[in-house]
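The data block below is query20.txt; it holds compact mmCIF, C-alpha atoms and all ligand atoms.
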# COMPACT_ATOMS: atom_id res chain seq x y z
CA MET A 13 90.92 53.29 62.75
CA PRO A 14 88.20 50.75 63.61
CA THR A 15 86.32 51.51 66.80
CA HIS A 16 86.98 49.03 69.61
CA ILE A 17 83.77 47.99 71.34
CA LEU A 18 83.43 45.78 74.39
CA VAL A 19 80.26 43.67 74.52
CA ALA A 20 79.25 42.31 77.95
CA GLY A 21 77.19 39.14 77.47
CA GLY A 22 77.38 36.47 74.77
CA GLY A 23 73.70 35.56 74.39
CA ILE A 24 71.67 36.12 71.24
CA GLY A 25 71.75 39.92 71.70
CA GLY A 26 75.49 40.14 72.39
CA LEU A 27 76.51 37.91 69.49
CA ALA A 28 74.14 39.64 67.05
CA THR A 29 75.67 42.97 68.14
CA ALA A 30 79.24 41.71 67.65
CA LEU A 31 78.33 40.35 64.21
CA ALA A 32 76.57 43.54 63.09
CA LEU A 33 79.46 45.74 64.33
CA SER A 34 82.09 43.55 62.65
CA ARG A 35 80.38 44.17 59.33
CA GLY A 36 81.06 47.90 59.84
CA ARG A 37 84.74 46.95 60.27
CA HIS A 38 84.71 47.66 64.00
CA ARG A 39 86.41 45.42 66.52
CA ALA A 40 83.89 43.92 68.95
CA ASP A 41 85.16 41.77 71.83
CA VAL A 42 82.52 39.66 73.59
CA PHE A 43 82.80 38.83 77.32
CA GLU A 44 80.61 35.99 78.55
CA ARG A 45 80.43 34.96 82.19
CA ALA A 46 79.70 31.28 81.43
CA ALA A 47 82.61 28.88 80.93
CA VAL A 48 81.42 28.11 77.38
CA PHE A 49 79.18 29.95 74.95
CA GLY A 50 75.78 28.29 74.89
CA GLU A 51 72.02 28.60 75.19
CA ILE A 52 69.36 26.69 77.05
CA GLY A 53 67.28 24.18 75.12
CA ALA A 54 64.06 25.97 74.25
CA GLY A 55 62.29 27.26 71.18
CA VAL A 56 61.99 30.80 69.94
CA GLN A 57 59.61 32.23 67.36
CA LEU A 58 61.03 34.77 64.90
CA GLY A 59 58.60 37.03 63.06
CA PRO A 60 59.41 38.47 59.61
CA ASN A 61 60.68 41.68 61.26
CA VAL A 62 63.44 39.55 62.81
CA THR A 63 64.20 37.11 59.98
CA ARG A 64 64.60 40.17 57.72
CA ARG A 65 67.32 41.51 60.03
CA LEU A 66 69.07 38.13 60.11
CA GLN A 67 68.99 38.08 56.31
CA GLN A 68 70.63 41.53 56.40
CA LEU A 69 73.42 39.91 58.44
CA ASP A 70 73.82 37.31 55.64
CA LEU A 71 72.35 34.56 57.82
CA GLY A 72 69.28 33.90 55.64
CA GLN A 73 70.46 30.56 54.26
CA GLY A 74 71.85 29.29 57.54
CA LEU A 75 68.66 30.29 59.31
CA ALA A 76 66.44 28.50 56.78
CA ALA A 77 68.51 25.36 57.30
CA ILE A 78 67.89 25.23 61.08
CA ALA A 79 64.35 26.61 61.22
CA ALA A 80 60.86 25.18 61.04
CA ARG A 81 58.46 27.14 58.82
CA PRO A 82 55.01 26.70 60.41
CA ASP A 83 52.05 26.99 58.05
CA ALA A 84 49.64 28.69 60.47
CA LEU A 85 49.05 29.97 63.99
CA VAL A 86 45.87 28.52 65.47
CA VAL A 87 44.32 29.86 68.70
CA GLN A 88 42.06 27.51 70.66
CA SER A 89 40.17 27.46 73.95
CA ALA A 90 42.18 25.51 76.55
CA GLY A 91 38.94 24.30 78.10
CA SER A 92 36.97 23.05 75.09
CA GLY A 93 39.62 22.84 72.39
CA ALA A 94 37.37 24.95 70.09
CA VAL A 95 39.25 26.95 67.44
CA LEU A 96 38.91 30.71 68.10
CA ALA A 97 41.13 32.21 65.40
CA ARG A 98 43.68 31.37 62.72
CA LEU A 99 46.55 33.34 61.15
CA PRO A 100 48.11 31.87 57.99
CA LEU A 101 51.93 31.90 58.23
CA GLY A 102 54.12 30.07 55.63
CA ASP A 103 53.75 31.60 52.15
CA ALA A 104 51.24 34.19 53.43
CA MET A 105 53.83 35.81 55.74
CA GLN A 106 56.53 35.69 53.09
CA GLN A 107 54.24 37.38 50.55
CA ARG A 108 52.88 39.97 52.96
CA TYR A 109 56.11 40.99 54.68
CA GLY A 110 58.84 39.84 52.29
CA ALA A 111 60.44 37.57 54.91
CA PRO A 112 59.50 34.26 56.56
CA TYR A 113 57.99 33.44 59.97
CA PHE A 114 60.33 30.88 61.52
CA CYS A 115 60.53 28.82 64.73
CA VAL A 116 64.00 27.79 65.86
CA HIS A 117 65.78 26.06 68.71
CA ARG A 118 67.56 28.77 70.69
CA ALA A 119 70.81 26.81 70.75
CA ASP A 120 70.72 26.51 66.93
CA LEU A 121 70.23 30.27 66.52
CA HIS A 122 72.96 30.96 69.06
CA THR A 123 75.37 28.61 67.24
CA LEU A 124 74.54 30.24 63.90
CA LEU A 125 75.45 33.66 65.33
CA LEU A 126 78.55 32.37 67.14
CA ASP A 127 79.90 30.66 64.00
CA ALA A 128 79.32 33.85 61.98
CA VAL A 129 81.16 35.98 64.57
CA ARG A 130 84.03 33.47 64.65
CA ALA A 131 84.21 33.40 60.84
CA ARG A 132 84.62 37.19 60.70
CA GLY A 133 87.47 36.94 63.24
CA THR A 134 87.46 40.66 64.02
CA GLY A 135 87.23 40.46 67.81
CA ALA A 136 87.96 38.28 70.80
CA LEU A 137 85.44 35.87 72.31
CA VAL A 138 86.24 35.62 76.01
CA THR A 139 84.47 33.08 78.22
CA ALA A 140 84.49 32.79 82.02
CA ALA A 141 84.59 36.61 82.07
CA HIS A 142 81.97 37.79 84.55
CA ILE A 143 81.99 41.55 84.18
CA GLY A 144 81.65 43.00 87.66
CA GLN A 145 82.79 46.58 87.29
CA VAL A 146 82.66 49.34 84.68
CA GLU A 147 84.57 52.63 84.65
CA THR A 148 84.11 55.30 82.01
CA SER A 149 85.99 58.48 81.06
CA ASP A 150 85.50 60.98 78.23
CA ASP A 151 87.14 58.75 75.66
CA LEU A 152 87.51 55.26 77.21
CA VAL A 153 85.57 52.48 78.89
CA CYS A 154 87.24 49.96 81.19
CA VAL A 155 85.55 46.74 82.34
CA SER A 156 86.84 44.34 85.01
CA SER A 157 85.84 40.78 85.63
CA THR A 158 85.09 39.40 89.07
CA ASP A 159 88.42 37.54 88.91
CA ALA A 160 90.28 40.86 88.51
CA ARG A 161 91.09 40.89 84.79
CA ALA A 162 90.52 44.20 82.96
CA TRP A 163 89.92 45.33 79.38
CA GLU A 164 89.73 48.77 77.74
CA GLY A 165 87.81 49.92 74.71
CA ASP A 166 86.22 52.95 73.06
CA ALA A 167 82.69 51.89 74.06
CA LEU A 168 80.68 49.29 75.94
CA VAL A 169 77.50 47.48 74.91
CA GLY A 170 75.58 45.84 77.75
CA ALA A 171 74.03 42.65 76.40
CA ASP A 172 74.05 41.06 79.83
CA GLY A 173 70.37 40.19 80.01
CA LEU A 174 67.58 40.57 82.55
CA TRP A 175 69.81 41.19 85.61
CA SER A 176 72.18 43.50 83.71
CA MET A 177 74.90 45.18 85.74
CA VAL A 178 75.95 47.40 82.81
CA ARG A 179 72.59 49.22 83.01
CA ARG A 180 73.85 50.89 86.22
CA GLN A 181 75.89 53.14 83.89
CA LEU A 182 72.73 54.72 82.50
CA ASP A 183 71.69 58.21 83.55
CA CYS A 184 68.07 57.36 84.33
CA ALA A 185 65.90 56.66 87.38
CA CYS A 186 65.47 52.97 86.54
CA ALA A 187 69.22 52.22 86.23
CA ASP A 188 69.54 50.72 89.71
CA GLN A 189 66.14 49.11 90.03
CA PRO A 190 65.75 45.31 89.87
CA PRO A 191 63.37 43.68 87.37
CA ARG A 192 59.76 43.01 88.40
CA ILE A 193 58.90 39.40 89.24
CA THR A 194 55.57 38.96 87.45
CA GLY A 195 54.04 36.06 89.40
CA HIS A 196 53.79 34.12 86.14
CA THR A 197 55.73 30.89 85.65
CA ALA A 198 56.73 29.33 82.30
CA TRP A 199 57.08 25.56 81.97
CA ARG A 200 58.75 24.27 78.85
CA ALA A 201 59.60 20.91 77.31
CA LEU A 202 61.27 19.91 74.05
CA VAL A 203 61.16 16.50 72.34
CA PRO A 204 61.86 14.88 68.93
CA GLN A 205 58.53 14.64 67.12
CA SER A 206 59.35 11.02 66.27
CA ALA A 207 59.02 10.22 70.00
CA LEU A 208 55.39 11.41 70.00
CA PRO A 209 52.27 9.59 68.76
CA ALA A 210 51.36 10.79 65.24
CA ALA A 211 48.26 12.64 66.50
CA LEU A 212 50.39 14.89 68.72
CA ARG A 213 53.00 15.91 66.10
CA ARG A 214 52.69 19.44 64.73
CA SER A 215 53.72 21.59 61.78
CA ARG A 216 51.96 24.76 62.97
CA VAL A 217 51.96 27.07 65.99
CA ASP A 218 49.16 26.05 68.37
CA VAL A 219 48.06 28.42 71.14
CA TRP A 220 45.57 27.47 73.87
CA LEU A 221 43.99 30.19 76.02
CA GLY A 222 42.57 29.43 79.47
CA PRO A 223 41.75 31.32 82.66
CA ARG A 224 45.03 32.68 84.08
CA LEU A 225 47.12 30.55 81.70
CA HIS A 226 48.02 29.81 78.12
CA ALA A 227 50.05 27.18 76.27
CA VAL A 228 52.01 27.30 73.01
CA ALA A 229 53.37 24.41 70.89
CA TYR A 230 55.45 24.72 67.74
CA PRO A 231 58.02 22.77 65.73
CA VAL A 232 61.74 23.63 65.64
CA ARG A 233 64.82 22.12 63.96
CA GLY A 234 63.36 21.82 60.48
CA GLY A 235 60.18 20.49 62.05
CA ASP A 236 61.91 17.47 63.63
CA TRP A 237 61.45 18.62 67.24
CA LEU A 238 58.46 20.01 69.12
CA ASN A 239 58.69 22.84 71.68
CA VAL A 240 55.88 23.26 74.21
CA VAL A 241 55.56 26.15 76.67
CA VAL A 242 52.84 26.58 79.29
CA ILE A 243 52.59 29.85 81.19
CA ALA A 244 50.41 30.05 84.28
CA GLU A 245 49.82 32.63 86.99
CA SER A 246 51.35 30.70 89.84
CA ALA A 247 53.90 30.96 92.61
CA PRO A 248 57.46 31.64 91.41
CA ALA A 249 59.38 28.44 90.64
CA GLY A 250 62.77 28.17 92.36
CA ASP A 251 65.46 30.78 91.72
CA ALA A 252 64.17 33.74 89.65
CA ARG A 253 67.53 33.77 87.79
CA ASP A 254 67.57 30.21 86.48
CA TRP A 255 65.51 27.34 85.07
CA ASP A 256 64.21 25.00 87.74
CA GLN A 257 65.48 21.60 86.62
CA ALA A 258 63.39 19.68 89.11
CA SER A 259 60.01 21.07 88.13
CA SER A 260 57.56 18.28 87.46
CA LEU A 261 54.55 17.75 85.25
CA ALA A 262 52.53 17.37 88.47
CA ALA A 263 53.39 20.96 89.50
CA LEU A 264 52.41 22.18 86.07
CA THR A 265 49.13 20.26 86.03
CA GLN A 266 48.30 21.64 89.47
CA ALA A 267 48.89 25.19 88.22
CA MET A 268 46.81 24.53 85.08
CA GLY A 269 43.78 22.82 86.51
CA ARG A 270 41.57 21.12 83.89
CA SER A 271 42.59 21.53 80.24
CA CYS A 272 41.05 20.16 77.04
CA ALA A 273 41.77 16.54 76.16
CA GLY A 274 44.01 17.38 73.19
CA LEU A 275 46.20 19.69 75.22
CA GLN A 276 46.33 17.37 78.22
CA ALA A 277 47.45 14.45 76.04
CA LEU A 278 50.28 16.59 74.66
CA LEU A 279 51.39 17.72 78.12
CA ASP A 280 51.35 14.13 79.39
CA ALA A 281 53.48 12.97 76.45
CA MET A 282 56.21 15.63 76.87
CA PRO A 283 59.21 14.64 79.03
CA GLY A 284 61.62 16.83 81.00
CA TRP A 285 59.54 19.83 82.05
CA ARG A 286 61.48 22.78 83.43
CA ALA A 287 60.09 25.93 85.02
CA TRP A 288 61.19 29.57 84.76
CA THR A 289 59.95 32.50 86.83
CA LEU A 290 59.02 35.32 84.46
CA SER A 291 60.28 38.84 85.16
CA ASP A 292 60.08 42.04 83.17
CA ARG A 293 60.46 45.80 83.45
CA ALA A 294 58.02 48.63 82.85
CA PRO A 295 58.15 49.88 79.24
CA LEU A 296 61.02 52.25 78.43
CA THR A 297 60.14 55.92 78.82
CA SER A 298 62.91 57.69 76.90
CA ALA A 299 66.15 57.24 74.96
CA ALA A 300 68.04 57.71 78.25
CA ASP A 301 66.84 54.22 79.23
CA MET A 302 68.98 52.69 76.44
CA ALA A 303 72.26 54.63 76.22
CA HIS A 304 74.48 57.14 77.97
CA GLU A 305 77.69 58.57 76.50
CA ARG A 306 79.88 55.54 75.58
CA VAL A 307 77.58 52.86 77.01
CA ALA A 308 74.54 51.37 75.24
CA LEU A 309 72.25 48.47 76.10
CA VAL A 310 70.69 45.87 73.80
CA GLY A 311 68.04 43.21 74.38
CA ASP A 312 66.86 42.13 77.82
CA ALA A 313 69.46 44.33 79.54
CA ALA A 314 67.44 47.32 78.33
CA HIS A 315 63.87 46.08 77.93
CA PRO A 316 63.08 42.64 79.34
CA MET A 317 59.49 41.69 78.56
CA VAL A 318 57.02 38.90 79.20
CA PRO A 319 57.09 36.48 76.24
CA TYR A 320 53.44 37.04 75.19
CA LEU A 321 54.34 38.65 71.88
CA ALA A 322 57.29 36.28 71.25
CA GLN A 323 59.63 39.19 70.49
CA GLY A 324 62.29 39.47 73.25
CA ALA A 325 65.07 37.88 71.21
CA GLY A 326 63.65 39.58 68.12
CA MET A 327 64.01 43.02 69.69
CA ALA A 328 67.58 42.15 70.77
CA ILE A 329 68.41 41.35 67.13
CA GLU A 330 66.68 44.52 65.90
CA ASP A 331 68.70 46.50 68.49
CA ALA A 332 71.95 44.93 67.28
CA VAL A 333 71.38 45.91 63.66
CA ALA A 334 70.18 49.40 64.61
CA LEU A 335 73.22 50.00 66.83
CA ALA A 336 75.63 49.03 64.05
CA ASP A 337 73.67 51.20 61.57
CA ALA A 338 73.85 54.20 63.93
CA LEU A 339 77.62 53.83 64.28
CA GLY A 340 78.17 53.13 60.57
CA SER A 341 81.90 53.45 59.96
CA GLY A 342 82.13 56.15 62.65
CA SER A 343 85.30 56.69 64.65
CA ALA A 344 85.75 56.39 68.42
CA ALA A 345 85.10 60.12 68.78
CA GLU A 346 81.68 59.67 67.18
CA VAL A 347 80.50 56.95 69.59
CA PRO A 348 78.46 59.10 72.04
CA ALA A 349 76.50 60.76 69.21
CA ALA A 350 75.99 57.41 67.46
CA PHE A 351 74.75 55.71 70.65
CA ALA A 352 72.36 58.64 71.26
CA ARG A 353 70.99 58.19 67.70
CA TYR A 354 70.64 54.46 68.29
CA ALA A 355 68.69 54.94 71.53
CA GLU A 356 66.48 57.58 69.94
CA ALA A 357 65.70 55.24 67.04
CA ARG A 358 64.90 52.23 69.23
CA TRP A 359 63.32 53.16 72.55
CA ALA A 360 59.75 53.86 71.43
CA ARG A 361 59.42 50.64 69.41
CA ASN A 362 60.84 48.57 72.26
CA ALA A 363 58.47 50.29 74.70
CA ARG A 364 55.51 49.53 72.45
CA VAL A 365 56.49 45.87 72.21
CA GLN A 366 56.93 45.64 76.02
CA ALA A 367 53.52 47.24 76.61
CA ARG A 368 51.79 45.06 74.01
CA ALA A 369 53.36 41.92 75.50
CA ARG A 370 51.93 42.81 78.93
CA ARG A 371 48.53 43.55 77.42
CA ASN A 372 48.55 40.25 75.55
CA GLY A 373 49.06 38.54 78.91
CA GLU A 374 45.89 40.15 80.25
CA ILE A 375 43.95 39.12 77.14
CA PHE A 376 45.36 35.58 76.96
CA HIS A 377 44.67 34.89 80.66
CA ALA A 378 41.28 36.64 80.88
CA THR A 379 38.48 35.23 83.03
CA GLY A 380 34.70 35.74 83.23
CA ALA A 381 32.97 38.27 80.97
CA VAL A 382 36.26 39.56 79.54
CA ARG A 383 37.09 36.05 78.40
CA LEU A 384 33.71 35.65 76.69
CA GLY A 385 34.17 38.99 74.91
CA ARG A 386 37.68 38.01 73.86
CA ASP A 387 36.50 34.70 72.43
CA MET A 388 33.71 36.39 70.48
CA ALA A 389 36.09 39.02 69.07
CA MET A 390 38.56 36.30 68.12
CA ARG A 391 35.90 34.33 66.29
CA MET A 392 34.73 37.40 64.36
CA LEU A 393 38.02 39.22 63.69
CA GLY A 394 40.55 36.40 64.18
CA THR A 395 43.13 36.99 61.46
CA ARG A 396 42.95 40.77 61.81
CA LEU A 397 43.53 40.54 65.56
CA LEU A 398 46.45 38.14 65.25
CA ASP A 399 48.32 39.87 62.42
CA GLN A 400 50.65 42.67 63.59
CA PRO A 401 51.60 44.86 60.58
CA TRP A 402 53.16 47.56 62.82
CA LEU A 403 55.46 44.89 64.27
CA TYR A 404 56.16 42.50 61.40
CA GLY A 405 56.49 45.25 58.79
CA GLY A 406 58.66 47.48 61.00
C1 LIG A 501 59.44 31.13 78.15
C2 LIG A 501 60.06 32.12 77.21
C3 LIG A 501 59.74 32.12 75.86
C4 LIG A 501 60.29 33.05 74.97
N1 LIG A 501 59.92 33.02 73.66
C5 LIG A 501 60.44 33.94 72.81
C6 LIG A 501 60.08 33.92 71.43
O1 LIG A 501 59.31 33.07 70.97
N2 LIG A 501 60.61 34.88 70.60
C7 LIG A 501 61.50 35.82 71.07
O2 LIG A 501 61.96 36.64 70.27
N3 LIG A 501 61.86 35.85 72.37
C8 LIG A 501 61.36 34.95 73.24
N4 LIG A 501 61.72 34.98 74.55
C9 LIG A 501 62.61 36.06 75.04
C10 LIG A 501 64.09 35.80 74.75
O3 LIG A 501 64.45 34.54 75.25
C11 LIG A 501 64.97 36.87 75.38
O4 LIG A 501 64.42 38.14 75.19
C12 LIG A 501 66.37 36.86 74.75
O5 LIG A 501 66.99 35.62 74.97
C13 LIG A 501 67.24 37.98 75.32
O6 LIG A 501 68.53 37.85 74.79
P1 LIG A 501 69.72 38.70 75.41
O7 LIG A 501 70.94 38.34 74.64
O8 LIG A 501 69.34 40.13 75.51
O9 LIG A 501 69.83 38.20 76.91
P2 LIG A 501 70.25 36.71 77.47
O10 LIG A 501 69.77 35.64 76.58
O11 LIG A 501 69.82 36.69 78.89
O12 LIG A 501 71.83 36.74 77.39
C14 LIG A 501 72.61 37.44 78.34
C15 LIG A 501 73.99 36.82 78.34
O13 LIG A 501 74.84 37.63 79.15
C16 LIG A 501 75.57 36.81 80.05
N5 LIG A 501 75.85 37.65 81.23
C17 LIG A 501 74.98 38.07 82.18
N6 LIG A 501 75.61 38.86 83.05
C18 LIG A 501 76.91 38.94 82.66
C19 LIG A 501 78.05 39.63 83.17
N7 LIG A 501 77.98 40.42 84.28
N8 LIG A 501 79.24 39.50 82.51
C20 LIG A 501 79.32 38.71 81.38
N9 LIG A 501 78.27 38.04 80.87
C21 LIG A 501 77.08 38.17 81.49
C22 LIG A 501 74.65 35.62 80.33
O14 LIG A 501 75.36 34.49 80.77
C23 LIG A 501 74.01 35.43 78.94
O15 LIG A 501 74.81 34.58 78.12
C24 LIG A 501 61.21 34.04 75.46
C25 LIG A 501 61.56 34.04 76.82
C26 LIG A 501 61.01 33.09 77.69
C27 LIG A 501 61.41 33.12 79.14

Using C-alpha cells, write down the structure that the file contains.
Ligand SMILES: Cc1cc2nc3c(=O)[nH]c(=O)nc-3n(C[C@H](O)[C@H](O)[C@H](O)COP(=O)(O)OP(=O)(O)OC[C@H]3O[C@@H](n4cnc5c(N)ncnc54)[C@H](O)[C@@H]3O)c2cc1C
Amino acid sequence: MPTHILVAGGGIGGLATALALSRGRHRADVFERAAVFGEIGAGVQLGPNVTRRLQQLDLGQGLAAIAARPDALVVQSAGSGAVLARLPLGDAMQQRYGAPYFCVHRADLHTLLLDAVRARGTGALVTAAHIGQVETSDDLVCVSSTDARAWEGDALVGADGLWSMVRRQLDCACADQPPRITGHTAWRALVPQSALPAALRRSRVDVWLGPRLHAVAYPVRGGDWLNVVVIAESAPAGDARDWDQASSLAALTQAMGRSCAGLQALLDAMPGWRAWTLSDRAPLTSAADMAHERVALVGDAAHPMVPYLAQGAGMAIEDAVALADALGSGSAAEVPAAFARYAEARWARNARVQARARRNGEIFHATGAVRLGRDMAMRMLGTRLLDQPWLYGG
C-alpha cells in the first residue's frame, strides 16, 4: 500500500517534496492556500549541491533549459567598484563538484517542479486550500482548511514557509514562536537584458559590498533576463509577510547612500523595484525542530534564513530528497521512524547553513576596521574564501 502524505504548501519546497515522494510510489497531495500555484518574479541561485538533487529528480535537462550558467562570481567594493575577489563558476564548478552552478527565475523553477508533479499524477493538487487546523492520532493526520474542508492522510509535511502553522505540531520550545524580523530589507528588480544598455548586461554573478548593505546581480532565463537584489539595514518595508509593490528606487537609494558609479547606473536602469522585509529564525538546535511523530517540516517552515548564502530554496530541495530517501518504500506504520531519521539526517546541516548565512551578513555589511580587514582577506584569499566545499560537495 502506498503511504498517503498530505503536503501543506505548494511552493518550491512543497512541490519538490511531492515529486520526490511520488518517485517512491507514495501518494502526496499538495494543499496550497493561493488560488493558483505560482511564484513571485525573482531570481534564485542554485549551487551544485542543489542542481545535483534536481538531477536526481530527473529534472536536469529541464533545469538546464531554463537556467543561466554564470561564468564567475565577482565581489567588488560598493564604494569604489574595486574587485576584491573572484570565484570561477561555469566549467570550474561542474568539474569540481560534478554538477553546475545555475541561476534561475523562481517562477521557471516552480513551473518545472509543478509540471513534473502533474506528469506523475500520483496525488491531488488542491488550490485555495488554506490549512488552518491539524489534528493527529497514532496512525492518522487530519488537516482542515479555513473554509471548513478536511482531508486525512498517514502523515503531514509542513512546507508552508516562513509563517508556518504546521510547525505548531512540533514538540520543541520554538514551535509557537514567530520568526525574527531582522531589520534588513531586500529590494529586487528583474528586467530583460535587451532593455538595458550593453555596458550593464551581465553573464556573471556580481556582488557589491558596502557599509550595512550589499547588492547582487545575476542573469536568469538562459541569460536573457537580469535579476538585481539590494539588501540594506533599514526600516522594515510594509507588511513583513508580503512584497511591497509600491517601494520606489528613491527609498532604496536613500537606504543605500552613495554607491559606485557602475552600481548606481545599474540601479537607475532597473524598473519596478519591490521591497521585502527579511525575517529568519535562530539555527535549529536538534532533530526535534524538524519532525515529530507523523509530522515533518521542510524548507522555510523549519529553518528560514537570511539569503546571504543563497541557499534557502536549496535547503528546501535537499530536505525534500532526504525526506523521500528516509521513507523509501516504507509503509504508513513506518512513517514516525522514517521522519525521525529524516530530521536526524538534516537538522545539523540546515543549522550550519542558517548560522553561516547570518555570519555572511555581518561580513558583507561590515564597517570600519572590520571592513578593511575583510577587504584585505578577500584580496589575498579570494577564491578560497568564496568556495564552499562543505556546502557544494554535501
Ligand atoms: C531576497 C531573497 C533572495 C533569495 N535568494 C535565494 C537564492 O539565491 N537561493 C536560494 O536557494 N534561496 C534564496 N532565497 C530563499 C528562498 O526564496 C526560500 O528559502 C524558499 O523560497 C523557501 O521555499 P518554501 O517552499 O520552503 O517556502 P515558500 O516559498 O514560502 O512556500 C510556502 C508556500 O506555502 C503556502 N502556504 C503558506 N501557508 C499555508 C497554509 N496555512 N496552507 C496552505 N498553504 C500555505 C504559501 O502560499 C507558499 O506557496 C531568497 C529569499 C529572499 C527573500

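Taking CA of Arg353 in chain A as the reference point, CA of Ala338 in chain A is found at 6.2 Å.
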
Between chain A and ligand LIG 501 (chain A), at 7 Å or less, what are the per-residue closest atom pairs and their distances in Å? Count all atoms listed in the file, order by chain and rising residue number, and return it as JSON lines.
{"residue": "A:Ala20", "atom": "CA", "partner": "A:LIG501", "partner_atom": "C20", "distance": 5.0}
{"residue": "A:Gly21", "atom": "CA", "partner": "A:LIG501", "partner_atom": "O13", "distance": 3.3}
{"residue": "A:Gly22", "atom": "CA", "partner": "A:LIG501", "partner_atom": "O15", "distance": 4.6}
{"residue": "A:Gly23", "atom": "CA", "partner": "A:LIG501", "partner_atom": "O12", "distance": 3.7}
{"residue": "A:Ile24", "atom": "CA", "partner": "A:LIG501", "partner_atom": "O7", "distance": 4.1}
{"residue": "A:Gly25", "atom": "CA", "partner": "A:LIG501", "partner_atom": "O7", "distance": 3.4}
{"residue": "A:Gly26", "atom": "CA", "partner": "A:LIG501", "partner_atom": "O7", "distance": 5.4}
{"residue": "A:Phe43", "atom": "CA", "partner": "A:LIG501", "partner_atom": "C20", "distance": 5.3}
{"residue": "A:Glu44", "atom": "CA", "partner": "A:LIG501", "partner_atom": "N9", "distance": 3.9}
{"residue": "A:Arg45", "atom": "CA", "partner": "A:LIG501", "partner_atom": "N9", "distance": 4.0}
{"residue": "A:Ala46", "atom": "CA", "partner": "A:LIG501", "partner_atom": "O14", "distance": 5.4}
{"residue": "A:Gly55", "atom": "CA", "partner": "A:LIG501", "partner_atom": "O1", "distance": 6.5}
{"residue": "A:Val56", "atom": "CA", "partner": "A:LIG501", "partner_atom": "O1", "distance": 3.7}
{"residue": "A:Gln57", "atom": "CA", "partner": "A:LIG501", "partner_atom": "O1", "distance": 3.7}
{"residue": "A:Leu58", "atom": "CA", "partner": "A:LIG501", "partner_atom": "N2", "distance": 5.7}
{"residue": "A:Ala141", "atom": "CA", "partner": "A:LIG501", "partner_atom": "C20", "distance": 5.7}
{"residue": "A:His142", "atom": "CA", "partner": "A:LIG501", "partner_atom": "N8", "distance": 3.8}
{"residue": "A:Ile143", "atom": "CA", "partner": "A:LIG501", "partner_atom": "N8", "distance": 3.8}
{"residue": "A:Gly144", "atom": "CA", "partner": "A:LIG501", "partner_atom": "N7", "distance": 5.6}
{"residue": "A:Ala171", "atom": "CA", "partner": "A:LIG501", "partner_atom": "O8", "distance": 5.4}
{"residue": "A:Asp172", "atom": "CA", "partner": "A:LIG501", "partner_atom": "O13", "distance": 3.6}
{"residue": "A:Gly173", "atom": "CA", "partner": "A:LIG501", "partner_atom": "O11", "distance": 3.7}
{"residue": "A:Leu174", "atom": "CA", "partner": "A:LIG501", "partner_atom": "O11", "distance": 5.8}
{"residue": "A:Trp175", "atom": "CA", "partner": "A:LIG501", "partner_atom": "N6", "distance": 6.8}
{"residue": "A:Ser176", "atom": "CA", "partner": "A:LIG501", "partner_atom": "N6", "distance": 5.8}
{"residue": "A:Met177", "atom": "CA", "partner": "A:LIG501", "partner_atom": "N7", "distance": 5.9}
{"residue": "A:Ala198", "atom": "CA", "partner": "A:LIG501", "partner_atom": "C1", "distance": 5.3}
{"residue": "A:Arg200", "atom": "CA", "partner": "A:LIG501", "partner_atom": "C1", "distance": 6.9}
{"residue": "A:Val241", "atom": "CA", "partner": "A:LIG501", "partner_atom": "C1", "distance": 6.5}
{"residue": "A:Trp288", "atom": "CA", "partner": "A:LIG501", "partner_atom": "C27", "distance": 6.7}
{"residue": "A:Leu290", "atom": "CA", "partner": "A:LIG501", "partner_atom": "C27", "distance": 6.2}
{"residue": "A:Val310", "atom": "CA", "partner": "A:LIG501", "partner_atom": "O8", "distance": 6.1}
{"residue": "A:Gly311", "atom": "CA", "partner": "A:LIG501", "partner_atom": "O8", "distance": 3.5}
{"residue": "A:Asp312", "atom": "CA", "partner": "A:LIG501", "partner_atom": "O8", "distance": 3.9}
{"residue": "A:Ala313", "atom": "CA", "partner": "A:LIG501", "partner_atom": "O8", "distance": 5.8}
{"residue": "A:Pro316", "atom": "CA", "partner": "A:LIG501", "partner_atom": "O4", "distance": 6.3}
{"residue": "A:Met317", "atom": "CA", "partner": "A:LIG501", "partner_atom": "O4", "distance": 6.9}
{"residue": "A:Pro319", "atom": "CA", "partner": "A:LIG501", "partner_atom": "C24", "distance": 4.9}
{"residue": "A:Ala322", "atom": "CA", "partner": "A:LIG501", "partner_atom": "C6", "distance": 3.7}
{"residue": "A:Gln323", "atom": "CA", "partner": "A:LIG501", "partner_atom": "O2", "distance": 3.5}
{"residue": "A:Gly324", "atom": "CA", "partner": "A:LIG501", "partner_atom": "O4", "distance": 3.2}
{"residue": "A:Ala325", "atom": "CA", "partner": "A:LIG501", "partner_atom": "O2", "distance": 3.5}
{"residue": "A:Gly326", "atom": "CA", "partner": "A:LIG501", "partner_atom": "O2", "distance": 4.0}
{"residue": "A:Met327", "atom": "CA", "partner": "A:LIG501", "partner_atom": "O2", "distance": 6.7}
{"residue": "A:Ala328", "atom": "CA", "partner": "A:LIG501", "partner_atom": "O8", "distance": 5.4}

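Here CA of Asp127 in chain A is placed at a distance of 24.5 Å from CA of Leu238 in chain A.
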
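The two atoms in question, CA of Arg371 in chain A and CA of Pro295 in chain A, are spaced 11.7 Å apart.
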
Ala303 in chain A environment, 10 Å, all atoms listed in the file, sequence neighbours closer than 6 positions dropped, as JSON, numbers by chain: {"A": [168, 169, 170, 179, 181, 182, 183, 184, 309, 310, 314, 348, 350, 351, 352, 353, 354, 355, 356, 359]}

Non-local contacts of range 375-390 of chain A (6 Å; only C-alpha atoms; under 4 positions in same chain excluded) as a list in words: Leu96, Ala97, Leu221, Gly222, Pro223, Arg224, Leu225 and Gly394 of chain A

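Considering the residues A:Leu202, A:Ala263, A:Ala344, A:Ser246 and counting all atoms listed in the file, Ala281 in chain A has its shortest atom-to-atom contact with A:Leu202.
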
Taking only residues of range 134-240 of chain A that have an atom at most 10 Å from an atom of range 276-280 of chain A, what is each one's shortest atom pair and its distance in Å to one decimal, using all atoms listed in the file, in chain and number order, as JSON lines?
{"residue": "A:Arg200", "atom": "CA", "partner": "A:Leu279", "partner_atom": "CA", "distance": 9.9}
{"residue": "A:Ala201", "atom": "CA", "partner": "A:Leu279", "partner_atom": "CA", "distance": 8.8}
{"residue": "A:Leu208", "atom": "CA", "partner": "A:Leu278", "partner_atom": "CA", "distance": 8.6}
{"residue": "A:Pro209", "atom": "CA", "partner": "A:Leu278", "partner_atom": "CA", "distance": 9.4}
{"residue": "A:Ala211", "atom": "CA", "partner": "A:Leu278", "partner_atom": "CA", "distance": 9.3}
{"residue": "A:Leu212", "atom": "CA", "partner": "A:Leu278", "partner_atom": "CA", "distance": 6.2}
{"residue": "A:Arg213", "atom": "CA", "partner": "A:Leu278", "partner_atom": "CA", "distance": 9.0}
{"residue": "A:Ala227", "atom": "CA", "partner": "A:Leu279", "partner_atom": "CA", "distance": 9.7}
{"residue": "A:Ala229", "atom": "CA", "partner": "A:Leu278", "partner_atom": "CA", "distance": 9.2}
{"residue": "A:Val240", "atom": "CA", "partner": "A:Leu279", "partner_atom": "CA", "distance": 8.1}
